[in-house]
$ cat upload.txt   # compact mmCIF, C-alpha atoms
# COMPACT_ATOMS: atom_id res chain seq x y z
CA MET A 1 -2.56 8.04 -14.60
CA THR A 2 -0.15 6.45 -12.16
CA SER A 3 2.47 3.86 -13.05
CA HIS A 4 2.29 1.90 -9.79
CA HIS A 5 -0.22 0.18 -7.55
CA ILE A 6 -1.89 2.15 -4.79
CA PHE A 7 -2.49 0.04 -1.70
CA LEU A 8 -4.98 1.22 0.89
CA VAL A 9 -4.29 -0.06 4.40
CA GLY A 10 -5.96 0.70 7.70
CA PRO A 11 -8.44 -0.69 10.20
CA MET A 12 -11.81 -2.12 9.27
CA GLY A 13 -14.25 0.70 8.77
CA ALA A 14 -11.62 3.23 7.65
CA GLY A 15 -13.15 3.32 4.17
CA LYS A 16 -10.60 1.35 2.17
CA SER A 17 -13.20 -0.26 -0.11
CA THR A 18 -15.59 2.68 -0.37
CA ILE A 19 -12.96 5.36 -0.87
CA GLY A 20 -10.87 2.99 -2.98
CA LYS A 21 -13.66 2.59 -5.55
CA HIS A 22 -14.00 6.36 -5.89
CA LEU A 23 -10.22 6.81 -6.07
CA ALA A 24 -9.91 4.16 -8.79
CA ASP A 25 -12.59 5.94 -10.84
CA LEU A 26 -10.83 9.28 -10.46
CA LEU A 27 -7.48 7.80 -11.49
CA ASP A 28 -8.99 5.64 -14.24
CA LEU A 29 -7.55 2.48 -12.66
CA PRO A 30 -9.09 -0.89 -11.85
CA PHE A 31 -10.20 -1.35 -8.25
CA VAL A 32 -9.53 -4.60 -6.40
CA ASP A 33 -10.58 -5.53 -2.88
CA VAL A 34 -8.34 -8.26 -1.42
CA ASP A 35 -11.13 -9.75 0.73
CA THR A 36 -13.59 -9.85 -2.18
CA GLU A 37 -10.99 -11.54 -4.37
CA ILE A 38 -10.33 -14.12 -1.65
CA GLU A 39 -14.06 -14.84 -1.39
CA THR A 40 -14.37 -15.14 -5.17
CA ARG A 41 -11.46 -17.56 -5.50
CA ALA A 42 -12.48 -19.59 -2.44
CA GLY A 43 -16.15 -19.69 -3.38
CA ALA A 44 -16.90 -18.88 0.26
CA ASN A 45 -17.19 -15.80 2.45
CA ILE A 46 -14.55 -14.62 4.90
CA GLN A 47 -16.58 -15.78 7.92
CA TRP A 48 -16.74 -19.33 6.50
CA ILE A 49 -12.98 -19.31 5.84
CA PHE A 50 -12.35 -18.16 9.42
CA ASP A 51 -14.71 -20.87 10.74
CA MET A 52 -13.20 -23.67 8.65
CA GLU A 53 -9.52 -22.70 8.46
CA GLY A 54 -9.11 -20.34 11.39
CA GLU A 55 -7.43 -16.98 11.19
CA ALA A 56 -4.12 -18.62 10.18
CA GLY A 57 -5.73 -20.23 7.12
CA PHE A 58 -7.31 -16.95 6.14
CA ARG A 59 -4.00 -15.10 6.55
CA GLU A 60 -2.28 -17.62 4.23
CA ARG A 61 -4.91 -16.96 1.57
CA GLU A 62 -4.52 -13.22 2.13
CA THR A 63 -0.75 -13.36 1.59
CA ARG A 64 -1.11 -15.38 -1.63
CA MET A 65 -3.71 -12.92 -2.91
CA LEU A 66 -1.54 -9.91 -2.06
CA ILE A 67 1.43 -11.41 -3.93
CA ASP A 68 -0.76 -12.20 -6.95
CA LEU A 69 -2.13 -8.66 -7.07
CA ALA A 70 1.25 -7.02 -6.47
CA ASN A 71 2.73 -9.03 -9.34
CA ASN A 72 0.17 -7.67 -11.80
CA SER A 73 2.05 -5.31 -14.11
CA HIS A 74 -0.97 -3.05 -14.64
CA PRO A 75 -1.46 -0.44 -11.88
CA GLN A 76 -4.51 -0.91 -9.65
CA VAL A 77 -6.05 0.61 -6.55
CA ILE A 78 -6.00 -2.25 -4.04
CA ALA A 79 -8.00 -2.21 -0.80
CA THR A 80 -6.41 -4.57 1.71
CA GLY A 81 -7.90 -6.24 4.74
CA GLY A 82 -7.25 -4.60 8.10
CA GLY A 83 -4.93 -7.37 9.29
CA ILE A 84 -2.74 -7.64 6.20
CA VAL A 85 0.05 -5.73 7.96
CA LEU A 86 0.40 -8.38 10.69
CA SER A 87 2.77 -10.36 8.46
CA ALA A 88 6.29 -8.99 7.98
CA ASP A 89 6.30 -10.62 4.53
CA ASN A 90 3.11 -8.76 3.59
CA ARG A 91 4.56 -5.48 4.83
CA ALA A 92 7.61 -6.04 2.61
CA VAL A 93 5.40 -6.79 -0.42
CA LEU A 94 3.38 -3.63 0.20
CA LYS A 95 6.44 -1.41 0.56
CA ARG A 96 8.16 -2.65 -2.61
CA SER A 97 5.09 -2.94 -4.84
CA GLY A 98 3.55 0.51 -4.96
CA LYS A 99 2.41 3.50 -2.95
CA VAL A 100 0.81 2.68 0.39
CA VAL A 101 -1.83 4.94 1.91
CA TYR A 102 -2.84 4.42 5.53
CA LEU A 103 -6.49 5.47 5.77
CA SER A 104 -6.82 6.56 9.36
CA ALA A 105 -9.93 7.21 11.46
CA THR A 106 -10.67 7.57 15.16
CA ALA A 107 -11.83 4.60 17.22
CA GLU A 108 -15.22 6.31 17.59
CA GLN A 109 -15.59 6.72 13.80
CA LEU A 110 -14.60 3.10 13.24
CA TYR A 111 -17.11 1.90 15.82
CA GLU A 112 -19.91 3.97 14.26
CA ARG A 113 -19.09 2.68 10.78
CA THR A 114 -18.96 -0.98 11.86
CA ARG A 115 -21.47 -1.25 14.71
CA ARG A 116 -24.16 -2.94 12.60
CA ASP A 117 -21.72 -5.04 10.57
CA LYS A 118 -22.36 -8.79 10.71
CA LYS A 119 -19.65 -9.83 8.23
CA ARG A 120 -16.40 -9.03 10.04
CA PRO A 121 -15.31 -12.09 12.06
CA LEU A 122 -13.19 -10.14 14.55
CA LEU A 123 -16.17 -7.94 15.45
CA GLN A 124 -18.62 -10.72 16.26
CA VAL A 125 -18.15 -10.07 19.98
CA ASP A 126 -19.96 -8.16 22.72
CA ASP A 127 -17.24 -5.52 23.22
CA ARG A 128 -16.75 -4.17 19.70
CA GLN A 129 -15.37 -0.87 20.98
CA GLY A 130 -12.72 -2.70 22.99
CA VAL A 131 -11.74 -4.84 20.00
CA ILE A 132 -11.44 -1.76 17.77
CA LYS A 133 -9.26 0.05 20.32
CA ARG A 134 -6.98 -2.98 20.71
CA LEU A 135 -6.70 -3.38 16.93
CA ILE A 136 -5.70 0.28 16.54
CA GLU A 137 -3.11 -0.05 19.32
CA THR A 138 -1.52 -3.19 17.87
CA ARG A 139 -1.85 -2.50 14.15
CA GLY A 140 -1.46 1.30 14.11
CA PRO A 141 2.35 1.18 14.28
CA LEU A 142 2.40 -1.43 11.47
CA TYR A 143 0.20 0.76 9.25
CA ASP A 144 2.58 3.65 9.95
CA GLU A 145 5.57 1.46 9.09
CA VAL A 146 4.35 0.66 5.57
CA ALA A 147 2.68 3.97 4.75
CA ASP A 148 4.01 6.40 2.18
CA MET A 149 1.18 8.63 3.35
CA VAL A 150 -1.22 8.75 6.30
CA PHE A 151 -4.56 10.14 5.20
CA LEU A 152 -7.51 10.88 7.47
CA SER A 153 -10.69 9.30 6.14
CA ALA A 154 -12.84 11.62 8.22
CA SER A 155 -16.60 11.51 8.13
CA ALA A 156 -16.81 13.53 4.89
CA GLN A 157 -18.48 12.14 1.79
CA PRO A 158 -16.34 9.27 0.36
CA SER A 159 -16.18 10.86 -3.10
CA ARG A 160 -14.77 14.08 -1.58
CA VAL A 161 -12.26 12.14 0.51
CA ALA A 162 -11.16 10.26 -2.62
CA LYS A 163 -10.74 13.53 -4.54
CA LYS A 164 -8.54 14.98 -1.77
CA LEU A 165 -6.59 11.73 -1.62
CA ALA A 166 -6.04 11.77 -5.41
CA GLU A 167 -4.69 15.32 -5.11
CA ALA A 168 -2.38 14.32 -2.25
CA LEU A 169 -1.13 11.28 -4.19
CA SER A 170 -0.25 13.43 -7.20
CA ALA A 171 2.15 15.33 -4.94
CA LEU A 172 3.99 12.15 -3.86

$ encode --input "upload.txt" --output "structure tokens"
Amino acid sequence: MTSHHIFLVGPMGAGKSTIGKHLADLLDLPFVDVDTEIETRAGANIQWIFDMEGEAGFRERETRMLIDLANNSHPQVIATGGGIVLSADNRAVLKRSGKVVYLSATAEQLYERTRRDKKRPLLQVDDRQGVIKRLIETRGPLYDEVADMVFLSASAQPSRVAKKLAEALSAL
């Protein structure tokens, strides 16, 4: 078992939640999804928060949640939202609070994984592929900045990806 948090960062559709659950099981750690925790505490879904408070309001909630989770003394696997790295403060919290894994995927893979998704506010547009490409261009360097490891979340079965990730983490 690990003695620190494992944060999963990367774009929406990279598999942070899906792979994270498998990874947590393999490492015998609790799994926490930042977005799910925000929804639970707010009593509302992310889309509603975006609609009522705008992206800035959501990002404030996200930062508070990240700090709360990072301050937990018991190690956890924590799946973050795709935009968590936009804040320099969040990037600092990630870097000092555990191991950070950037789950990476191609724009085509991300589009395929999210093309039917109705829950992601930033993708409720006509040009999803364009949005995904722009997000990768702007956020990719920020994911790289915080990452202790970049790990391809290719199209393989999530449980297999998690097993390979667990092996790679043990070498860190």

$ residues_around --input "upload.txt" --residues "range 81-84 of chain A" --least-positions-apart "3" --cutoff "10 Å" --atoms "all atoms listed in the file" --output "list in words"
Leu8, Val9, Gly10, Pro11, Met12, Gly13, Ala14, Lys16, Ser17, Asp33, Val34, Asp35, Thr36, Arg59, Glu62, Thr63, Leu66, Ile78, Ser87, Ala88, Asp89, Asn90, Arg91, Leu94, Leu135, Ile136, Arg139, Leu142 and Tyr143 of chain A

$ residues_around --input "upload.txt" --residues "Ala105 in chain A" --least-positions-apart "3" --cutoff "7 Å" --atoms "all atoms listed in the file" --output "ChimeraX atom specification"
/A:14,109-110,152-154

$ atom_distance --input "upload.txt" --atom1 "CA of Ile38 in chain A" --atom2 "CA of Met65 in chain A"
6.8 Å

$ atom_distance --input "upload.txt" --atom1 "CA of Asn71 in chain A" --atom2 "CA of Asp148 in chain A"
19.3 Å

$ atom_distance --input "upload.txt" --atom1 "CA of Leu26 in chain A" --atom2 "CA of Ser170 in chain A"
11.8 Å

$ closest_residue --input "upload.txt" --among "A:Ala92, A:Ala70, A:Ile6, A:Leu29" --to "Met149 in chain A" --atoms "all atoms listed in the file"
A:Ile6

$ closest_residue --input "upload.txt" --among "A:Lys21, A:Arg128, A:Lys99, A:Arg64" --to "Leu169 in chain A" --atoms "only C-alpha atoms"
A:Lys99

$ residues_around --input "upload.txt" --residues "Glu55 in chain A" --least-positions-apart "6" --cutoff "12 Å" --atoms "only C-alpha atoms" --output "MDAnalysis selection string"
chainID A and resid 46:49 61:62 83:84 86 121:122

$ residues_around --input "upload.txt" --residues "Asn72 in chain A" --least-positions-apart "6" --cutoff "12 Å" --atoms "only C-alpha atoms" --output "MDAnalysis selection string"
chainID A and resid 3:5 30 32 65:66 78 97:98

$ axis_aligned_box --input "upload.txt" --around "range 127-136 of chain A" --padding-each-side "4 Å" --output "lines of an AutoDock Vina configuration file"
center_x = -11.5
center_y = -2.6
center_z = 19.9
size_x = 19.5
size_y = 13.8
size_z = 14.7

$ residues_around --input "upload.txt" --residues "range 161-163 of chain A" --least-positions-apart "3" --cutoff "9 Å" --atoms "all atoms listed in the file" --output "list in words"
Ile19, Gly20, Lys21, His22, Leu23, Ala24, Leu26, Leu152, Ser153, Ala154, Ser155, Ala156, Gln157, Pro158, Ala166, Glu167 and Ala168 of chain A

$ decode --input "upload.txt" --residues "range 38-84 of chain A" --atoms "N, CA and C atoms" --output "PDB file, in the first residue's frame"
ATOM      1  N   ILE A  38     -18.065  17.155  -5.311  1.00  0.00           N
ATOM      2  CA  ILE A  38     -18.642  18.502  -5.439  1.00  0.00           C
ATOM      3  C   ILE A  38     -20.156  18.399  -5.574  1.00  0.00           C
ATOM      4  N   GLU A  39     -20.614  17.491  -6.429  1.00  0.00           N
ATOM      5  CA  GLU A  39     -22.059  17.316  -6.616  1.00  0.00           C
ATOM      6  C   GLU A  39     -22.738  16.893  -5.316  1.00  0.00           C
ATOM      7  N   THR A  40     -22.114  15.975  -4.585  1.00  0.00           N
ATOM      8  CA  THR A  40     -22.685  15.498  -3.329  1.00  0.00           C
ATOM      9  C   THR A  40     -22.807  16.638  -2.320  1.00  0.00           C
ATOM     10  N   ARG A  41     -21.746  17.396  -2.159  1.00  0.00           N
ATOM     11  CA  ARG A  41     -21.767  18.500  -1.184  1.00  0.00           C
ATOM     12  C   ARG A  41     -22.700  19.625  -1.605  1.00  0.00           C
ATOM     13  N   ALA A  42     -22.778  19.880  -2.915  1.00  0.00           N
ATOM     14  CA  ALA A  42     -23.629  20.973  -3.404  1.00  0.00           C
ATOM     15  C   ALA A  42     -25.094  20.558  -3.480  1.00  0.00           C
ATOM     16  N   GLY A  43     -25.341  19.253  -3.560  1.00  0.00           N
ATOM     17  CA  GLY A  43     -26.700  18.781  -3.754  1.00  0.00           C
ATOM     18  C   GLY A  43     -27.222  19.122  -5.144  1.00  0.00           C
ATOM     19  N   ALA A  44     -26.290  19.272  -6.077  1.00  0.00           N
ATOM     20  CA  ALA A  44     -26.647  19.631  -7.461  1.00  0.00           C
ATOM     21  C   ALA A  44     -25.576  19.088  -8.400  1.00  0.00           C
ATOM     22  N   ASN A  45     -25.952  18.883  -9.667  1.00  0.00           N
ATOM     23  CA  ASN A  45     -24.962  18.369 -10.609  1.00  0.00           C
ATOM     24  C   ASN A  45     -24.077  19.494 -11.162  1.00  0.00           C
ATOM     25  N   ILE A  46     -22.996  19.088 -11.802  1.00  0.00           N
ATOM     26  CA  ILE A  46     -22.006  20.044 -12.313  1.00  0.00           C
ATOM     27  C   ILE A  46     -22.657  21.012 -13.305  1.00  0.00           C
ATOM     28  N   GLN A  47     -23.517  20.504 -14.171  1.00  0.00           N
ATOM     29  CA  GLN A  47     -24.175  21.376 -15.156  1.00  0.00           C
ATOM     30  C   GLN A  47     -24.962  22.484 -14.446  1.00  0.00           C
ATOM     31  N   TRP A  48     -25.692  22.139 -13.390  1.00  0.00           N
ATOM     32  CA  TRP A  48     -26.462  23.135 -12.648  1.00  0.00           C
ATOM     33  C   TRP A  48     -25.528  24.172 -12.031  1.00  0.00           C
ATOM     34  N   ILE A  49     -24.424  23.709 -11.447  1.00  0.00           N
ATOM     35  CA  ILE A  49     -23.455  24.635 -10.848  1.00  0.00           C
ATOM     36  C   ILE A  49     -22.911  25.588 -11.904  1.00  0.00           C
ATOM     37  N   PHE A  50     -22.556  25.055 -13.076  1.00  0.00           N
ATOM     38  CA  PHE A  50     -22.083  25.904 -14.177  1.00  0.00           C
ATOM     39  C   PHE A  50     -23.160  26.914 -14.565  1.00  0.00           C
ATOM     40  N   ASP A  51     -24.405  26.450 -14.674  1.00  0.00           N
ATOM     41  CA  ASP A  51     -25.511  27.334 -15.074  1.00  0.00           C
ATOM     42  C   ASP A  51     -25.764  28.433 -14.050  1.00  0.00           C
ATOM     43  N   MET A  52     -25.710  28.096 -12.769  1.00  0.00           N
ATOM     44  CA  MET A  52     -26.049  29.049 -11.711  1.00  0.00           C
ATOM     45  C   MET A  52     -24.872  29.923 -11.287  1.00  0.00           C
ATOM     46  N   GLU A  53     -23.674  29.341 -11.248  1.00  0.00           N
ATOM     47  CA  GLU A  53     -22.519  30.059 -10.706  1.00  0.00           C
ATOM     48  C   GLU A  53     -21.457  30.370 -11.748  1.00  0.00           C
ATOM     49  N   GLY A  54     -21.651  29.837 -12.955  1.00  0.00           N
ATOM     50  CA  GLY A  54     -20.648  30.027 -13.995  1.00  0.00           C
ATOM     51  C   GLY A  54     -19.438  29.144 -13.741  1.00  0.00           C
ATOM     52  N   GLU A  55     -18.524  29.162 -14.693  1.00  0.00           N
ATOM     53  CA  GLU A  55     -17.326  28.344 -14.545  1.00  0.00           C
ATOM     54  C   GLU A  55     -16.501  28.811 -13.348  1.00  0.00           C
ATOM     55  N   ALA A  56     -16.456  30.121 -13.092  1.00  0.00           N
ATOM     56  CA  ALA A  56     -15.673  30.641 -11.963  1.00  0.00           C
ATOM     57  C   ALA A  56     -16.187  30.089 -10.637  1.00  0.00           C
ATOM     58  N   GLY A  57     -17.497  30.038 -10.468  1.00  0.00           N
ATOM     59  CA  GLY A  57     -18.072  29.484  -9.236  1.00  0.00           C
ATOM     60  C   GLY A  57     -17.742  28.013  -9.082  1.00  0.00           C
ATOM     61  N   PHE A  58     -17.822  27.293 -10.183  1.00  0.00           N
ATOM     62  CA  PHE A  58     -17.473  25.878 -10.136  1.00  0.00           C
ATOM     63  C   PHE A  58     -16.003  25.702  -9.757  1.00  0.00           C
ATOM     64  N   ARG A  59     -15.127  26.503 -10.364  1.00  0.00           N
ATOM     65  CA  ARG A  59     -13.684  26.376 -10.100  1.00  0.00           C
ATOM     66  C   ARG A  59     -13.368  26.670  -8.635  1.00  0.00           C
ATOM     67  N   GLU A  60     -14.090  27.606  -8.014  1.00  0.00           N
ATOM     68  CA  GLU A  60     -13.895  27.875  -6.581  1.00  0.00           C
ATOM     69  C   GLU A  60     -14.244  26.632  -5.763  1.00  0.00           C
ATOM     70  N   ARG A  61     -15.369  26.013  -6.094  1.00  0.00           N
ATOM     71  CA  ARG A  61     -15.767  24.789  -5.389  1.00  0.00           C
ATOM     72  C   ARG A  61     -14.714  23.692  -5.587  1.00  0.00           C
ATOM     73  N   GLU A  62     -14.219  23.598  -6.803  1.00  0.00           N
ATOM     74  CA  GLU A  62     -13.232  22.576  -7.145  1.00  0.00           C
ATOM     75  C   GLU A  62     -11.952  22.753  -6.315  1.00  0.00           C
ATOM     76  N   THR A  63     -11.500  23.985  -6.172  1.00  0.00           N
ATOM     77  CA  THR A  63     -10.296  24.259  -5.387  1.00  0.00           C
ATOM     78  C   THR A  63     -10.508  23.891  -3.923  1.00  0.00           C
ATOM     79  N   ARG A  64     -11.649  24.284  -3.363  1.00  0.00           N
ATOM     80  CA  ARG A  64     -11.939  23.935  -1.961  1.00  0.00           C
ATOM     81  C   ARG A  64     -11.961  22.420  -1.769  1.00  0.00           C
ATOM     82  N   MET A  65     -12.566  21.722  -2.716  1.00  0.00           N
ATOM     83  CA  MET A  65     -12.649  20.261  -2.625  1.00  0.00           C
ATOM     84  C   MET A  65     -11.254  19.640  -2.712  1.00  0.00           C
ATOM     85  N   LEU A  66     -10.443  20.114  -3.632  1.00  0.00           N
ATOM     86  CA  LEU A  66      -9.084  19.588  -3.781  1.00  0.00           C
ATOM     87  C   LEU A  66      -8.298  19.762  -2.485  1.00  0.00           C
ATOM     88  N   ILE A  67      -8.387  20.932  -1.886  1.00  0.00           N
ATOM     89  CA  ILE A  67      -7.670  21.191  -0.628  1.00  0.00           C
ATOM     90  C   ILE A  67      -8.173  20.258   0.471  1.00  0.00           C
ATOM     91  N   ASP A  68      -9.483  20.100   0.570  1.00  0.00           N
ATOM     92  CA  ASP A  68     -10.049  19.181   1.573  1.00  0.00           C
ATOM     93  C   ASP A  68      -9.510  17.765   1.391  1.00  0.00           C
ATOM     94  N   LEU A  69      -9.537  17.284   0.155  1.00  0.00           N
ATOM     95  CA  LEU A  69      -9.085  15.916  -0.110  1.00  0.00           C
ATOM     96  C   LEU A  69      -7.586  15.770   0.122  1.00  0.00           C
ATOM     97  N   ALA A  70      -6.821  16.759  -0.298  1.00  0.00           N
ATOM     98  CA  ALA A  70      -5.367  16.700  -0.132  1.00  0.00           C
ATOM     99  C   ALA A  70      -4.980  16.708   1.343  1.00  0.00           C
ATOM    100  N   ASN A  71      -5.782  17.355   2.164  1.00  0.00           N
ATOM    101  CA  ASN A  71      -5.489  17.438   3.597  1.00  0.00           C
ATOM    102  C   ASN A  71      -5.864  16.182   4.365  1.00  0.00           C
ATOM    103  N   ASN A  72      -6.551  15.242   3.725  1.00  0.00           N
ATOM    104  CA  ASN A  72      -6.885  13.983   4.379  1.00  0.00           C
ATOM    105  C   ASN A  72      -5.595  13.194   4.597  1.00  0.00           C
ATOM    106  N   SER A  73      -5.359  12.755   5.810  1.00  0.00           N
ATOM    107  CA  SER A  73      -4.094  12.069   6.111  1.00  0.00           C
ATOM    108  C   SER A  73      -4.061  10.633   5.607  1.00  0.00           C
ATOM    109  N   HIS A  74      -5.200  10.086   5.235  1.00  0.00           N
ATOM    110  CA  HIS A  74      -5.239   8.713   4.726  1.00  0.00           C
ATOM    111  C   HIS A  74      -5.108   8.732   3.201  1.00  0.00           C
ATOM    112  N   PRO A  75      -4.157   7.987   2.642  1.00  0.00           N
ATOM    113  CA  PRO A  75      -3.956   7.975   1.197  1.00  0.00           C
ATOM    114  C   PRO A  75      -5.214   7.555   0.440  1.00  0.00           C
ATOM    115  N   GLN A  76      -5.423   8.194  -0.709  1.00  0.00           N
ATOM    116  CA  GLN A  76      -6.576   7.917  -1.563  1.00  0.00           C
ATOM    117  C   GLN A  76      -6.147   8.007  -3.023  1.00  0.00           C
ATOM    118  N   VAL A  77      -6.903   7.377  -3.890  1.00  0.00           N
ATOM    119  CA  VAL A  77      -6.781   7.612  -5.324  1.00  0.00           C
ATOM    120  C   VAL A  77      -7.837   8.666  -5.647  1.00  0.00           C
ATOM    121  N   ILE A  78      -7.400   9.788  -6.204  1.00  0.00           N
ATOM    122  CA  ILE A  78      -8.288  10.928  -6.413  1.00  0.00           C
ATOM    123  C   ILE A  78      -8.327  11.282  -7.897  1.00  0.00           C
ATOM    124  N   ALA A  79      -9.508  11.135  -8.497  1.00  0.00           N
ATOM    125  CA  ALA A  79      -9.715  11.531  -9.889  1.00  0.00           C
ATOM    126  C   ALA A  79     -10.140  12.995  -9.895  1.00  0.00           C
ATOM    127  N   THR A  80      -9.385  13.823 -10.590  1.00  0.00           N
ATOM    128  CA  THR A  80      -9.693  15.246 -10.652  1.00  0.00           C
ATOM    129  C   THR A  80     -10.482  15.564 -11.910  1.00  0.00           C
ATOM    130  N   GLY A  81     -11.066  16.751 -11.935  1.00  0.00           N
ATOM    131  CA  GLY A  81     -11.723  17.222 -13.145  1.00  0.00           C
ATOM    132  C   GLY A  81     -10.669  17.691 -14.144  1.00  0.00           C
ATOM    133  N   GLY A  82     -11.015  17.680 -15.404  1.00  0.00           N
ATOM    134  CA  GLY A  82     -10.064  18.032 -16.458  1.00  0.00           C
ATOM    135  C   GLY A  82      -9.476  19.423 -16.341  1.00  0.00           C
ATOM    136  N   GLY A  83     -10.223  20.364 -15.767  1.00  0.00           N
ATOM    137  CA  GLY A  83      -9.753  21.740 -15.681  1.00  0.00           C
ATOM    138  C   GLY A  83      -9.079  22.110 -14.380  1.00  0.00           C
ATOM    139  N   ILE A  84      -8.866  21.152 -13.516  1.00  0.00           N
ATOM    140  CA  ILE A  84      -8.306  21.472 -12.195  1.00  0.00           C
ATOM    141  C   ILE A  84      -6.931  22.120 -12.298  1.00  0.00           C
TER     142      ILE A  84
END
